[in-house]
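Here's the structure, in structure tokens; my notes come after.
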Amino acid sequence: MKTTGVVRRIDDLGRIVIPKEIRKTLRIKDGESVEIFLDSDNIVLKKYSPLGGIPNFYKEYADSIYSEIGGNVIIVDRDQIVAVAGDLKKKYLDTRISSSLDEIIQNRVVCYSENLDNISISNGVFEEASYVIAPIISNGDAIGAVIIMFVDSKIDDFVVKTGSIAAKFLGKYIE
């Protein structure tokens, strides 16, 4: 475990403040949820992700879409890539998402490019691809996205609709 050198008191109501530097490093924004775990005699705080609970389901879901359309399928939460199906699996699985992708998710609008354009899914990594990014909305909150990318061909309306349907399904499934 990494030590921070920060000590905090617990107030009369049992609350503790997580230092701003740590919240910034972990991308924990005001109002976001944190999970609390016990690890023997340690209390562990982890940024909560509604998509983090059942990774096998997301992997199988991405694999199913990939087997039908042939494009890379990436499922992300607001922090990291949760599932990948396709040729880019080793490159992206379990990496943090880029700030530009997080902004697209926050905008809550399906974003796509039919032509091969540069896109940053993960920090510092750019792909030239045609793509659709469909935000996953659950209980009114943007919690992630379904991304379908083709690095060697253009997408069509069917792929855009498939991405939108996949994101809507995941949003309803999590509710």
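Quick note on naming: the chains in the structure tokens go A, B, ... in the order shown, residues restart at 1 in each chain, and ligands are numbered from 1 in order of appearance.
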
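Running DSSP on the backbone gives helix (DSSP H, G or I) for these residues within stretch 52-102 of chain A: Pro55, Asn56, Phe57, Tyr58, Lys59, Glu60, Tyr61, Ala62, Asp63, Ser64, Ile65, Tyr66, Ser67, Glu68, Ile69, Lys89, Lys90, Lys91, Tyr92, Ser99, Ser100, Leu101 and Asp102 of chain A.
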
Can those selected residues be exported to a file as a PDB file, in the first residue's frame so that it contains C-alpha atoms?
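out38.pdb written:
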```
ATOM      1  CA  PRO A  55     -16.894  -7.842 -15.536  1.00  0.00           C
ATOM      2  CA  ASN A  56     -17.619 -11.264 -17.085  1.00  0.00           C
ATOM      3  CA  PHE A  57     -21.036 -10.043 -18.228  1.00  0.00           C
ATOM      4  CA  TYR A  58     -19.494  -7.007 -19.970  1.00  0.00           C
ATOM      5  CA  LYS A  59     -16.805  -9.160 -21.597  1.00  0.00           C
ATOM      6  CA  GLU A  60     -19.405 -11.583 -22.964  1.00  0.00           C
ATOM      7  CA  TYR A  61     -21.635  -8.704 -24.082  1.00  0.00           C
ATOM      8  CA  ALA A  62     -18.728  -7.052 -25.960  1.00  0.00           C
ATOM      9  CA  ASP A  63     -17.744 -10.420 -27.468  1.00  0.00           C
ATOM     10  CA  SER A  64     -21.319 -10.968 -28.706  1.00  0.00           C
ATOM     11  CA  ILE A  65     -21.458  -7.603 -30.456  1.00  0.00           C
ATOM     12  CA  TYR A  66     -17.978  -8.138 -31.922  1.00  0.00           C
ATOM     13  CA  SER A  67     -18.902 -11.564 -33.322  1.00  0.00           C
ATOM     14  CA  GLU A  68     -21.822 -10.028 -35.234  1.00  0.00           C
ATOM     15  CA  ILE A  69     -20.359  -6.768 -36.558  1.00  0.00           C
ATOM     16  CA  LYS A  89      -7.933  -6.023 -26.570  1.00  0.00           C
ATOM     17  CA  LYS A  90      -4.318  -6.214 -25.350  1.00  0.00           C
ATOM     18  CA  LYS A  91      -3.752  -2.537 -26.056  1.00  0.00           C
ATOM     19  CA  TYR A  92      -6.702  -1.183 -24.065  1.00  0.00           C
ATOM     20  CA  SER A  99     -10.128  13.096 -20.470  1.00  0.00           C
ATOM     21  CA  SER A 100     -11.531  13.762 -23.963  1.00  0.00           C
ATOM     22  CA  LEU A 101     -13.509  10.503 -23.805  1.00  0.00           C
ATOM     23  CA  ASP A 102     -14.769  11.431 -20.334  1.00  0.00           C
TER      24      ASP A 102
END
```

Per DSSP on the backbone, what are the strand (DSSP E) residues of stretch 53-162 of chain A, as a ChimeraX atom specification? /A:72-77,81-85,111-122,125-138,141-150

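Straight-line separation from atom CA of A:Val160 to atom CA of A:Ala145: 12.9 Å.
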
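Between A:Glu32 and the residues A:Lys161, A:Arg78, A:Arg108, A:Lys172, the shortest atom-to-atom distance, using only C-alpha atoms, involves A:Arg78.
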
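The list of residues with at least one atom within 12 Å of A:Asn107, based on only C-alpha atoms and without residues fewer than 6 positions apart in the same chain, reads Ser100, Leu101, Ile133, Ala134, Pro135, Ile136, Ile137, Asp141, Ala142, Ile143, Gly144 and Ala145 of chain A.
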
Could you write out that same residue set with all heavy atoms as an mmCIF file, in the first residue's frame?
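And here's out.cif as it stands now:
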```cif
data_model
loop_
_atom_site.group_PDB
_atom_site.id
_atom_site.type_symbol
_atom_site.label_atom_id
_atom_site.label_comp_id
_atom_site.auth_asym_id
_atom_site.auth_seq_id
_atom_site.Cartn_x
_atom_site.Cartn_y
_atom_site.Cartn_z
ATOM 1 N N SER A 100 -10.639 13.408 -22.849
ATOM 2 C CA SER A 100 -11.531 13.762 -23.963
ATOM 3 C C SER A 100 -12.684 12.771 -24.075
ATOM 4 O O SER A 100 -13.818 13.157 -24.365
ATOM 5 C CB SER A 100 -10.762 13.842 -25.284
ATOM 6 O OG SER A 100 -10.131 12.631 -25.585
ATOM 7 N N LEU A 101 -12.426 11.488 -23.806
ATOM 8 C CA LEU A 101 -13.509 10.503 -23.805
ATOM 9 C C LEU A 101 -14.459 10.760 -22.641
ATOM 10 O O LEU A 101 -15.677 10.679 -22.798
ATOM 11 C CB LEU A 101 -12.950 9.078 -23.741
ATOM 12 C CG LEU A 101 -13.987 7.957 -23.673
ATOM 13 C CD1 LEU A 101 -14.964 8.006 -24.844
ATOM 14 C CD2 LEU A 101 -13.291 6.596 -23.604
ATOM 15 N N ILE A 133 -19.389 6.388 -30.268
ATOM 16 C CA ILE A 133 -19.286 6.409 -28.809
ATOM 17 C C ILE A 133 -20.682 6.710 -28.285
ATOM 18 O O ILE A 133 -21.213 7.802 -28.500
ATOM 19 C CB ILE A 133 -18.299 7.482 -28.311
ATOM 20 C CG1 ILE A 133 -16.914 7.242 -28.903
ATOM 21 C CG2 ILE A 133 -18.256 7.506 -26.781
ATOM 22 C CD1 ILE A 133 -15.926 8.358 -28.657
ATOM 23 N N ALA A 134 -21.289 5.723 -27.629
ATOM 24 C CA ALA A 134 -22.649 5.869 -27.113
ATOM 25 C C ALA A 134 -22.608 5.858 -25.584
ATOM 26 O O ALA A 134 -22.286 4.822 -24.977
ATOM 27 C CB ALA A 134 -23.529 4.737 -27.632
ATOM 28 N N PRO A 135 -22.892 6.985 -24.939
ATOM 29 C CA PRO A 135 -22.870 7.042 -23.481
ATOM 30 C C PRO A 135 -23.903 6.106 -22.851
ATOM 31 O O PRO A 135 -25.007 5.933 -23.361
ATOM 32 C CB PRO A 135 -23.207 8.503 -23.167
ATOM 33 C CG PRO A 135 -22.852 9.239 -24.414
ATOM 34 C CD PRO A 135 -23.156 8.295 -25.532
ATOM 35 N N ILE A 136 -23.513 5.495 -21.743
ATOM 36 C CA ILE A 136 -24.418 4.657 -20.953
ATOM 37 C C ILE A 136 -25.018 5.546 -19.884
ATOM 38 O O ILE A 136 -24.303 6.108 -19.051
ATOM 39 C CB ILE A 136 -23.664 3.475 -20.302
ATOM 40 C CG1 ILE A 136 -22.994 2.613 -21.368
ATOM 41 C CG2 ILE A 136 -24.613 2.657 -19.431
ATOM 42 C CD1 ILE A 136 -22.019 1.586 -20.810
ATOM 43 N N ILE A 137 -26.350 5.684 -19.907
ATOM 44 C CA ILE A 137 -27.066 6.514 -18.939
ATOM 45 C C ILE A 137 -27.881 5.588 -18.042
ATOM 46 O O ILE A 137 -28.690 4.794 -18.519
ATOM 47 C CB ILE A 137 -28.012 7.521 -19.641
ATOM 48 C CG1 ILE A 137 -27.284 8.295 -20.749
ATOM 49 C CG2 ILE A 137 -28.668 8.444 -18.621
ATOM 50 C CD1 ILE A 137 -26.163 9.171 -20.291
ATOM 51 N N ASP A 141 -27.747 9.345 -14.725
ATOM 52 C CA ASP A 141 -26.322 9.646 -14.655
ATOM 53 C C ASP A 141 -25.578 9.015 -15.824
ATOM 54 O O ASP A 141 -25.843 7.873 -16.191
ATOM 55 C CB ASP A 141 -25.716 9.105 -13.355
ATOM 56 C CG ASP A 141 -26.290 9.777 -12.123
ATOM 57 O OD1 ASP A 141 -26.588 10.986 -12.195
ATOM 58 O OD2 ASP A 141 -26.429 9.091 -11.090
ATOM 59 N N ALA A 142 -24.621 9.751 -16.382
ATOM 60 C CA ALA A 142 -23.739 9.192 -17.414
ATOM 61 C C ALA A 142 -22.660 8.400 -16.691
ATOM 62 O O ALA A 142 -21.842 8.965 -15.970
ATOM 63 C CB ALA A 142 -23.127 10.310 -18.245
ATOM 64 N N ILE A 143 -22.672 7.073 -16.866
ATOM 65 C CA ILE A 143 -21.766 6.219 -16.087
ATOM 66 C C ILE A 143 -20.696 5.544 -16.924
ATOM 67 O O ILE A 143 -19.816 4.871 -16.379
ATOM 68 C CB ILE A 143 -22.557 5.157 -15.302
ATOM 69 C CG1 ILE A 143 -23.325 4.248 -16.262
ATOM 70 C CG2 ILE A 143 -23.477 5.801 -14.289
ATOM 71 C CD1 ILE A 143 -23.876 3.008 -15.605
ATOM 72 N N GLY A 144 -20.749 5.685 -18.232
ATOM 73 C CA GLY A 144 -19.771 5.031 -19.092
ATOM 74 C C GLY A 144 -20.172 5.153 -20.539
ATOM 75 O O GLY A 144 -20.987 6.008 -20.897
ATOM 76 N N ALA A 145 -19.627 4.258 -21.370
ATOM 77 C CA ALA A 145 -19.946 4.298 -22.801
ATOM 78 C C ALA A 145 -19.654 2.957 -23.454
ATOM 79 O O ALA A 145 -18.841 2.172 -22.969
ATOM 80 C CB ALA A 145 -19.145 5.389 -23.507
#
```

Quick one: everything within 10 Å of A:Ile18, counting only C-alpha atoms, minus sequence neighbours fewer than 5 positions away in the same chain. Send it as a ChimeraX atom specification. /A:6-8,23,28,45

Could you write out that same residue set with C-alpha atoms as an mmCIF file, in the first residue's frame?
```cif
data_model
loop_
_atom_site.group_PDB
_atom_site.id
_atom_site.type_symbol
_atom_site.label_atom_id
_atom_site.label_comp_id
_atom_site.auth_asym_id
_atom_site.auth_seq_id
_atom_site.Cartn_x
_atom_site.Cartn_y
_atom_site.Cartn_z
ATOM 1 C CA VAL A 6 -1.631 12.524 5.373
ATOM 2 C CA VAL A 7 -3.389 12.064 8.721
ATOM 3 C CA ARG A 8 -7.033 13.069 9.251
ATOM 4 C CA ARG A 23 -9.381 12.924 -4.980
ATOM 5 C CA ILE A 28 -13.143 11.483 -7.571
ATOM 6 C CA LEU A 45 -11.698 3.219 -0.054
#
```

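Here the question is which of A:Asp156, A:Asp11, A:Ile81, A:Val132 gets nearest to A:Ile104 using only C-alpha atoms, and that residue is A:Val132.
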
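Nearest to A:Phe150 of all the residues A:Ala85, A:Val110, A:Ile165, A:Leu170 is A:Ala85, counting only C-alpha atoms.
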
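The smallest atom-to-atom distance between A:Thr25 and any of A:Val44, A:Gly70, A:Arg96, A:Asp12, using only C-alpha atoms, is found for A:Arg96.
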